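> Here you go, one structure.
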Amino acid sequence: MSSRTAAINVDADIAQAWESASTTKRKRLQAQIRKWFEAGAETKKKVPHLSRKESELLLRINQDLTPQKRQRMEELTDKMEFDSITDEEHAELLRLSDETEKLAVERLKAVIELAKYRKVSVDELMEQLGMEPGKYAR
């Protein structure tokens with residue numbers, strides 16, 4: 001195993017405890033620190049990383065109306081159900097519905113593209129991503 005020197009900043013009480021520790025205690029602590037770093041390095045190796053393409057597709061899949069637009073759409077939908085919607089509000093609701101449908105189409109295209117990229121079926125990909133078909137068909 002190769003050896004390197006590194007400087008770290010620690011609290012004064014930790015530095016004093018280190019200075020006053022016996023050689024045996026220092027060696028045990030060094031061994032423990034080495035294990036922590038090695039475990040961290042192993043964990044880092046095991047963490048899956050997404051390619052740029054996968055990241056871009058996942059961003060497209062998760063794109064949605066802003067919370068403000070979503071809330072406004074719900075308000076207008078409620079008004080329409082109670083026949084209290086104005087012509088201007090109805091036009092706004094139609095615009096928001098069109099926007100939602102366009103996002104759903106783009107989401108589906110991205111899901112299909114990601115499934116092809118990962119060489120799995122669309123259903124399998126949706127299961128992997130925890131997607132419920134009805135939820136994403138807004």
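Here, A, B, ... name the chains of the structure tokens in the order displayed, residue numbers run from 1 inside each chain, and ligands are numbered from 1 in the same displayed order.
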Could you give me, as a PyMOL selection string, the residues within 10 Å of region 98-106 of chain A, counting only C-alpha atoms and dropping anything in the same chain fewer than 3 positions from it?
chain A and resi 57+60-65+69-70+73+92-95+109-112+136-138
> Hey, can you spit out that residue selection with N, CA and C atoms as a PDB file, in the first residue's frame?

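Printed below is selection.pdb as written:
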```
ATOM      1  N   LEU A  57     -32.829  12.362 -20.272  1.00  0.00           N
ATOM      2  CA  LEU A  57     -34.133  11.716 -20.443  1.00  0.00           C
ATOM      3  C   LEU A  57     -34.938  11.730 -19.152  1.00  0.00           C
ATOM      4  N   ARG A  60     -36.493  15.046 -18.691  1.00  0.00           N
ATOM      5  CA  ARG A  60     -37.680  15.189 -19.537  1.00  0.00           C
ATOM      6  C   ARG A  60     -38.861  14.414 -18.966  1.00  0.00           C
ATOM      7  N   ILE A  61     -38.592  13.234 -18.436  1.00  0.00           N
ATOM      8  CA  ILE A  61     -39.663  12.406 -17.862  1.00  0.00           C
ATOM      9  C   ILE A  61     -40.300  13.102 -16.665  1.00  0.00           C
ATOM     10  N   ASN A  62     -39.497  13.783 -15.878  1.00  0.00           N
ATOM     11  CA  ASN A  62     -40.002  14.413 -14.655  1.00  0.00           C
ATOM     12  C   ASN A  62     -40.482  15.843 -14.835  1.00  0.00           C
ATOM     13  N   GLN A  63     -40.435  16.346 -16.055  1.00  0.00           N
ATOM     14  CA  GLN A  63     -40.894  17.711 -16.293  1.00  0.00           C
ATOM     15  C   GLN A  63     -42.404  17.776 -16.131  1.00  0.00           C
ATOM     16  N   ASP A  64     -42.876  18.841 -15.503  1.00  0.00           N
ATOM     17  CA  ASP A  64     -44.302  18.984 -15.226  1.00  0.00           C
ATOM     18  C   ASP A  64     -44.641  20.462 -15.191  1.00  0.00           C
ATOM     19  N   LEU A  65     -45.925  20.741 -15.082  1.00  0.00           N
ATOM     20  CA  LEU A  65     -46.363  22.125 -14.890  1.00  0.00           C
ATOM     21  C   LEU A  65     -45.771  22.654 -13.588  1.00  0.00           C
ATOM     22  N   LYS A  69     -49.075  26.750 -11.850  1.00  0.00           N
ATOM     23  CA  LYS A  69     -49.949  26.398 -12.980  1.00  0.00           C
ATOM     24  C   LYS A  69     -50.823  25.206 -12.632  1.00  0.00           C
ATOM     25  N   ARG A  70     -50.251  24.224 -11.929  1.00  0.00           N
ATOM     26  CA  ARG A  70     -51.024  23.042 -11.530  1.00  0.00           C
ATOM     27  C   ARG A  70     -52.184  23.457 -10.616  1.00  0.00           C
ATOM     28  N   MET A  73     -54.826  25.276 -12.605  1.00  0.00           N
ATOM     29  CA  MET A  73     -55.598  24.326 -13.403  1.00  0.00           C
ATOM     30  C   MET A  73     -56.654  23.623 -12.546  1.00  0.00           C
ATOM     31  N   GLU A  92     -58.186  29.893 -20.587  1.00  0.00           N
ATOM     32  CA  GLU A  92     -56.970  29.639 -19.802  1.00  0.00           C
ATOM     33  C   GLU A  92     -56.858  28.154 -19.453  1.00  0.00           C
ATOM     34  N   LEU A  93     -57.971  27.546 -19.073  1.00  0.00           N
ATOM     35  CA  LEU A  93     -57.986  26.117 -18.743  1.00  0.00           C
ATOM     36  C   LEU A  93     -57.606  25.276 -19.963  1.00  0.00           C
ATOM     37  N   LEU A  94     -58.115  25.663 -21.119  1.00  0.00           N
ATOM     38  CA  LEU A  94     -57.764  24.937 -22.341  1.00  0.00           C
ATOM     39  C   LEU A  94     -56.268  25.054 -22.648  1.00  0.00           C
ATOM     40  N   ARG A  95     -55.694  26.238 -22.443  1.00  0.00           N
ATOM     41  CA  ARG A  95     -54.253  26.419 -22.662  1.00  0.00           C
ATOM     42  C   ARG A  95     -53.445  25.543 -21.704  1.00  0.00           C
ATOM     43  N   LYS A 109     -42.447   9.981 -24.864  1.00  0.00           N
ATOM     44  CA  LYS A 109     -41.332   9.822 -25.811  1.00  0.00           C
ATOM     45  C   LYS A 109     -40.026   9.560 -25.055  1.00  0.00           C
ATOM     46  N   ALA A 110     -39.799  10.295 -23.980  1.00  0.00           N
ATOM     47  CA  ALA A 110     -38.570  10.124 -23.190  1.00  0.00           C
ATOM     48  C   ALA A 110     -38.537   8.757 -22.513  1.00  0.00           C
ATOM     49  N   VAL A 111     -39.681   8.286 -22.033  1.00  0.00           N
ATOM     50  CA  VAL A 111     -39.752   6.957 -21.411  1.00  0.00           C
ATOM     51  C   VAL A 111     -39.394   5.891 -22.443  1.00  0.00           C
ATOM     52  N   ILE A 112     -39.960   5.998 -23.631  1.00  0.00           N
ATOM     53  CA  ILE A 112     -39.676   5.021 -24.688  1.00  0.00           C
ATOM     54  C   ILE A 112     -38.197   5.054 -25.060  1.00  0.00           C
ATOM     55  N   TYR A 136     -48.719   9.270 -14.589  1.00  0.00           N
ATOM     56  CA  TYR A 136     -47.973   9.987 -15.614  1.00  0.00           C
ATOM     57  C   TYR A 136     -48.793  10.211 -16.869  1.00  0.00           C
ATOM     58  N   ALA A 137     -50.028   9.832 -16.842  1.00  0.00           N
ATOM     59  CA  ALA A 137     -50.895  10.064 -17.986  1.00  0.00           C
ATOM     60  C   ALA A 137     -51.809  11.256 -17.733  1.00  0.00           C
ATOM     61  N   ARG A 138     -51.391  12.125 -16.854  1.00  0.00           N
ATOM     62  CA  ARG A 138     -52.217  13.278 -16.477  1.00  0.00           C
ATOM     63  C   ARG A 138     -52.816  13.960 -17.659  1.00  0.00           C
TER      64      ARG A 138
END
```
> Could you find all residues in chain A that DSSP calls alpha helix (DSSP H) from the backbone, and write them as a short mmCIF file (atom, residue, chain, number, x, y, z; two decimals) with N, CA and C atoms, in the first residue's frame?

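Output contents, as saved in states.cif:
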```cif
data_model
loop_
_atom_site.label_atom_id
_atom_site.label_comp_id
_atom_site.auth_asym_id
_atom_site.auth_seq_id
_atom_site.Cartn_x
_atom_site.Cartn_y
_atom_site.Cartn_z
N ALA A 12 -9.24 22.19 18.30
CA ALA A 12 -8.08 22.22 19.20
C ALA A 12 -8.10 21.07 20.20
N ASP A 13 -9.28 20.71 20.71
CA ASP A 13 -9.34 19.63 21.69
C ASP A 13 -8.99 18.28 21.06
N ILE A 14 -9.33 18.10 19.80
CA ILE A 14 -8.96 16.86 19.11
C ILE A 14 -7.45 16.84 18.89
N ALA A 15 -6.89 17.97 18.47
CA ALA A 15 -5.44 18.05 18.25
C ALA A 15 -4.68 17.76 19.54
N GLN A 16 -5.18 18.30 20.65
CA GLN A 16 -4.51 18.08 21.93
C GLN A 16 -4.61 16.61 22.35
N ALA A 17 -5.77 16.00 22.12
CA ALA A 17 -5.95 14.59 22.45
C ALA A 17 -4.99 13.74 21.62
N TRP A 18 -4.82 14.09 20.36
CA TRP A 18 -3.89 13.38 19.49
C TRP A 18 -2.46 13.49 20.01
N GLU A 19 -2.09 14.71 20.35
CA GLU A 19 -0.71 14.95 20.82
C GLU A 19 -0.43 14.20 22.12
N SER A 20 -1.44 14.08 22.96
CA SER A 20 -1.20 13.43 24.25
C SER A 20 -1.41 11.91 24.21
N THR A 23 1.62 6.19 21.37
CA THR A 23 1.89 5.72 20.00
C THR A 23 0.94 4.60 19.61
N THR A 24 0.65 3.72 20.54
CA THR A 24 -0.27 2.61 20.28
C THR A 24 -1.66 3.14 19.94
N LYS A 25 -2.15 4.10 20.73
CA LYS A 25 -3.49 4.66 20.46
C LYS A 25 -3.51 5.39 19.12
N ARG A 26 -2.44 6.09 18.80
CA ARG A 26 -2.37 6.80 17.51
C ARG A 26 -2.44 5.81 16.35
N LYS A 27 -1.70 4.71 16.48
CA LYS A 27 -1.69 3.70 15.42
C LYS A 27 -3.07 3.07 15.25
N ARG A 28 -3.76 2.81 16.38
CA ARG A 28 -5.12 2.25 16.30
C ARG A 28 -6.07 3.23 15.61
N LEU A 29 -5.93 4.51 15.98
CA LEU A 29 -6.79 5.53 15.38
C LEU A 29 -6.49 5.67 13.88
N GLN A 30 -5.22 5.65 13.52
CA GLN A 30 -4.85 5.71 12.11
C GLN A 30 -5.44 4.54 11.34
N ALA A 31 -5.39 3.37 11.93
CA ALA A 31 -5.96 2.18 11.28
C ALA A 31 -7.47 2.34 11.10
N GLN A 32 -8.13 2.88 12.12
CA GLN A 32 -9.58 3.07 12.03
C GLN A 32 -9.93 4.11 10.96
N ILE A 33 -9.18 5.19 10.93
CA ILE A 33 -9.41 6.23 9.91
C ILE A 33 -9.20 5.65 8.51
N ARG A 34 -8.16 4.85 8.36
CA ARG A 34 -7.89 4.21 7.07
C ARG A 34 -9.08 3.34 6.66
N LYS A 35 -9.65 2.57 7.59
CA LYS A 35 -10.82 1.73 7.29
C LYS A 35 -12.01 2.58 6.84
N TRP A 36 -12.22 3.72 7.52
CA TRP A 36 -13.33 4.60 7.14
C TRP A 36 -13.15 5.11 5.71
N PHE A 37 -11.94 5.53 5.39
CA PHE A 37 -11.68 6.02 4.04
C PHE A 37 -11.83 4.91 3.00
N GLU A 38 -11.32 3.73 3.31
CA GLU A 38 -11.45 2.62 2.38
C GLU A 38 -12.91 2.24 2.18
N ALA A 39 -13.68 2.23 3.26
CA ALA A 39 -15.11 1.91 3.16
C ALA A 39 -15.82 2.97 2.32
N GLY A 40 -15.46 4.22 2.50
CA GLY A 40 -16.05 5.30 1.71
C GLY A 40 -15.71 5.15 0.24
N ALA A 41 -14.48 4.77 -0.05
CA ALA A 41 -14.06 4.57 -1.44
C ALA A 41 -14.81 3.40 -2.07
N GLU A 42 -15.02 2.32 -1.31
CA GLU A 42 -15.76 1.17 -1.82
C GLU A 42 -17.21 1.55 -2.10
N THR A 43 -17.81 2.32 -1.19
CA THR A 43 -19.19 2.75 -1.38
C THR A 43 -19.30 3.61 -2.62
N LYS A 44 -18.34 4.48 -2.82
CA LYS A 44 -18.35 5.36 -3.99
C LYS A 44 -18.28 4.54 -5.27
N LYS A 45 -17.51 3.47 -5.27
CA LYS A 45 -17.39 2.61 -6.45
C LYS A 45 -18.72 1.94 -6.77
N LYS A 46 -19.50 1.63 -5.74
CA LYS A 46 -20.75 0.89 -5.93
C LYS A 46 -21.92 1.78 -6.31
N ARG A 52 -24.95 10.93 -19.37
CA ARG A 52 -25.56 12.23 -19.70
C ARG A 52 -26.91 12.02 -20.37
N LYS A 53 -26.99 11.06 -21.28
CA LYS A 53 -28.24 10.79 -21.99
C LYS A 53 -29.35 10.36 -21.02
N GLU A 54 -29.01 9.45 -20.10
CA GLU A 54 -30.01 9.02 -19.11
C GLU A 54 -30.48 10.19 -18.26
N SER A 55 -29.55 11.04 -17.84
CA SER A 55 -29.90 12.21 -17.02
C SER A 55 -30.84 13.13 -17.78
N GLU A 56 -30.52 13.39 -19.04
CA GLU A 56 -31.38 14.26 -19.85
C GLU A 56 -32.77 13.67 -20.02
N LEU A 57 -32.83 12.36 -20.27
CA LEU A 57 -34.13 11.72 -20.44
C LEU A 57 -34.94 11.73 -19.15
N LEU A 58 -34.27 11.50 -18.03
CA LEU A 58 -34.99 11.53 -16.74
C LEU A 58 -35.50 12.93 -16.43
N LEU A 59 -34.75 13.95 -16.81
CA LEU A 59 -35.24 15.32 -16.63
C LEU A 59 -36.50 15.55 -17.46
N ARG A 60 -36.49 15.05 -18.69
CA ARG A 60 -37.68 15.19 -19.54
C ARG A 60 -38.86 14.41 -18.97
N ILE A 61 -38.59 13.23 -18.44
CA ILE A 61 -39.66 12.41 -17.86
C ILE A 61 -40.30 13.10 -16.67
N PRO A 67 -45.90 24.36 -9.94
CA PRO A 67 -46.94 24.21 -8.91
C PRO A 67 -48.04 25.27 -9.05
N GLN A 68 -47.65 26.48 -9.44
CA GLN A 68 -48.64 27.55 -9.60
C GLN A 68 -49.61 27.22 -10.74
N LYS A 69 -49.07 26.75 -11.85
CA LYS A 69 -49.95 26.40 -12.98
C LYS A 69 -50.82 25.21 -12.63
N ARG A 70 -50.25 24.22 -11.93
CA ARG A 70 -51.02 23.04 -11.53
C ARG A 70 -52.18 23.46 -10.62
N GLN A 71 -51.91 24.35 -9.66
CA GLN A 71 -52.95 24.82 -8.74
C GLN A 71 -54.01 25.60 -9.51
N ARG A 72 -53.58 26.45 -10.42
CA ARG A 72 -54.53 27.24 -11.22
C ARG A 72 -55.40 26.32 -12.05
N MET A 73 -54.83 25.28 -12.61
CA MET A 73 -55.60 24.33 -13.40
C MET A 73 -56.65 23.62 -12.55
N GLU A 74 -56.28 23.27 -11.33
CA GLU A 74 -57.24 22.64 -10.41
C GLU A 74 -58.38 23.60 -10.06
N GLU A 75 -58.03 24.87 -9.80
CA GLU A 75 -59.05 25.88 -9.50
C GLU A 75 -60.03 26.04 -10.67
N LEU A 76 -59.49 26.13 -11.87
CA LEU A 76 -60.33 26.30 -13.06
C LEU A 76 -61.17 25.07 -13.33
N THR A 77 -60.62 23.89 -13.08
CA THR A 77 -61.37 22.64 -13.26
C THR A 77 -62.55 22.60 -12.28
N ASP A 78 -62.31 23.02 -11.04
CA ASP A 78 -63.39 23.08 -10.05
C ASP A 78 -64.47 24.05 -10.49
N LYS A 79 -64.06 25.20 -10.99
CA LYS A 79 -65.03 26.20 -11.46
C LYS A 79 -65.86 25.63 -12.61
N MET A 80 -65.22 24.90 -13.51
CA MET A 80 -65.92 24.34 -14.65
C MET A 80 -66.95 23.31 -14.19
N GLU A 81 -66.56 22.51 -13.18
CA GLU A 81 -67.48 21.49 -12.66
C GLU A 81 -68.73 22.11 -12.04
N ASP A 87 -65.62 32.83 -19.77
CA ASP A 87 -65.03 32.48 -21.06
C ASP A 87 -63.51 32.62 -21.04
N GLU A 88 -63.01 33.67 -20.38
CA GLU A 88 -61.56 33.87 -20.29
C GLU A 88 -60.90 32.75 -19.47
N GLU A 89 -61.56 32.36 -18.38
CA GLU A 89 -61.03 31.29 -17.56
C GLU A 89 -61.05 29.96 -18.31
N HIS A 90 -62.11 29.75 -19.10
CA HIS A 90 -62.22 28.53 -19.88
C HIS A 90 -61.09 28.46 -20.91
N ALA A 91 -60.79 29.60 -21.54
CA ALA A 91 -59.68 29.65 -22.50
C ALA A 91 -58.35 29.36 -21.80
N GLU A 92 -58.19 29.89 -20.59
CA GLU A 92 -56.97 29.64 -19.80
C GLU A 92 -56.86 28.15 -19.45
N LEU A 93 -57.97 27.55 -19.07
CA LEU A 93 -57.99 26.12 -18.74
C LEU A 93 -57.61 25.28 -19.96
N LEU A 94 -58.11 25.66 -21.12
CA LEU A 94 -57.76 24.94 -22.34
C LEU A 94 -56.27 25.05 -22.65
N ARG A 95 -55.69 26.24 -22.44
CA ARG A 95 -54.25 26.42 -22.66
C ARG A 95 -53.44 25.54 -21.70
N LEU A 96 -53.87 25.53 -20.44
CA LEU A 96 -53.16 24.70 -19.45
C LEU A 96 -53.32 23.21 -19.77
N SER A 97 -54.49 22.82 -20.23
CA SER A 97 -54.72 21.42 -20.62
C SER A 97 -53.84 21.03 -21.80
N ASP A 98 -53.73 21.94 -22.79
CA ASP A 98 -52.85 21.69 -23.93
C ASP A 98 -51.40 21.54 -23.48
N GLU A 99 -50.98 22.41 -22.58
CA GLU A 99 -49.60 22.34 -22.07
C GLU A 99 -49.36 21.01 -21.35
N THR A 100 -50.34 20.59 -20.57
CA THR A 100 -50.24 19.32 -19.84
C THR A 100 -50.14 18.14 -20.81
N GLU A 101 -50.95 18.19 -21.86
CA GLU A 101 -50.92 17.11 -22.85
C GLU A 101 -49.58 17.07 -23.58
N LYS A 102 -49.04 18.22 -23.93
CA LYS A 102 -47.74 18.28 -24.60
C LYS A 102 -46.64 17.70 -23.70
N LEU A 103 -46.70 18.03 -22.41
CA LEU A 103 -45.73 17.47 -21.47
C LEU A 103 -45.87 15.95 -21.37
N ALA A 104 -47.11 15.46 -21.39
CA ALA A 104 -47.35 14.02 -21.30
C ALA A 104 -46.80 13.31 -22.54
N VAL A 105 -46.95 13.93 -23.70
CA VAL A 105 -46.41 13.34 -24.93
C VAL A 105 -44.88 13.30 -24.86
N GLU A 106 -44.27 14.39 -24.45
CA GLU A 106 -42.81 14.45 -24.32
C GLU A 106 -42.32 13.44 -23.28
N ARG A 107 -43.08 13.30 -22.20
CA ARG A 107 -42.72 12.33 -21.15
C ARG A 107 -42.73 10.92 -21.72
N LEU A 108 -43.77 10.59 -22.46
CA LEU A 108 -43.88 9.25 -23.04
C LEU A 108 -42.75 8.99 -24.04
N LYS A 109 -42.45 9.98 -24.86
CA LYS A 109 -41.33 9.82 -25.81
C LYS A 109 -40.03 9.56 -25.05
N ALA A 110 -39.80 10.30 -23.98
CA ALA A 110 -38.57 10.12 -23.19
C ALA A 110 -38.54 8.76 -22.51
N VAL A 111 -39.68 8.29 -22.03
CA VAL A 111 -39.75 6.96 -21.41
C VAL A 111 -39.39 5.89 -22.44
N ILE A 112 -39.96 6.00 -23.63
CA ILE A 112 -39.68 5.02 -24.69
C ILE A 112 -38.20 5.05 -25.06
N GLU A 113 -37.65 6.27 -25.21
CA GLU A 113 -36.25 6.41 -25.57
C GLU A 113 -35.32 5.83 -24.49
N LEU A 114 -35.66 6.09 -23.22
CA LEU A 114 -34.84 5.56 -22.13
C LEU A 114 -34.94 4.04 -22.05
N ALA A 115 -36.12 3.52 -22.29
CA ALA A 115 -36.28 2.05 -22.28
C ALA A 115 -35.42 1.42 -23.38
N LYS A 116 -35.42 2.04 -24.56
CA LYS A 116 -34.57 1.52 -25.65
C LYS A 116 -33.09 1.63 -25.27
N TYR A 117 -32.72 2.75 -24.68
CA TYR A 117 -31.32 2.97 -24.30
C TYR A 117 -30.87 1.92 -23.29
N ARG A 118 -31.76 1.59 -22.33
CA ARG A 118 -31.42 0.61 -21.30
C ARG A 118 -31.71 -0.83 -21.72
N VAL A 122 -40.84 -0.90 -21.86
CA VAL A 122 -41.38 0.32 -21.24
C VAL A 122 -41.96 -0.01 -19.87
N ASP A 123 -42.71 -1.12 -19.79
CA ASP A 123 -43.29 -1.52 -18.50
C ASP A 123 -42.21 -1.78 -17.46
N GLU A 124 -41.13 -2.45 -17.87
CA GLU A 124 -40.04 -2.75 -16.93
C GLU A 124 -39.37 -1.46 -16.46
N LEU A 125 -39.15 -0.54 -17.40
CA LEU A 125 -38.54 0.75 -17.04
C LEU A 125 -39.43 1.51 -16.05
N MET A 126 -40.70 1.55 -16.34
CA MET A 126 -41.62 2.27 -15.45
C MET A 126 -41.62 1.65 -14.06
N GLU A 127 -41.53 0.32 -14.00
CA GLU A 127 -41.44 -0.35 -12.70
C GLU A 127 -40.14 0.02 -11.99
N GLN A 128 -39.01 0.03 -12.74
CA GLN A 128 -37.72 0.40 -12.17
C GLN A 128 -37.75 1.81 -11.59
#
```
> Work out how far apart CA of Thr66 (chain A) and CA of Ser121 (chain A) are and give it in Å to one decimal.
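Computing it gives 29.6 Å between the two atoms.
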> Which value, in Å to one decimal, gives the distance between CA of His49 (chain A) and CA of Leu129 (chain A)?
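Calculated distance between CA of His49 (chain A) and CA of Leu129 (chain A) is 14.9 Å.
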> Mind pulling up the distance from CA of Lys119 (chain A) to CA of Leu50 (chain A)?
14.8 Å
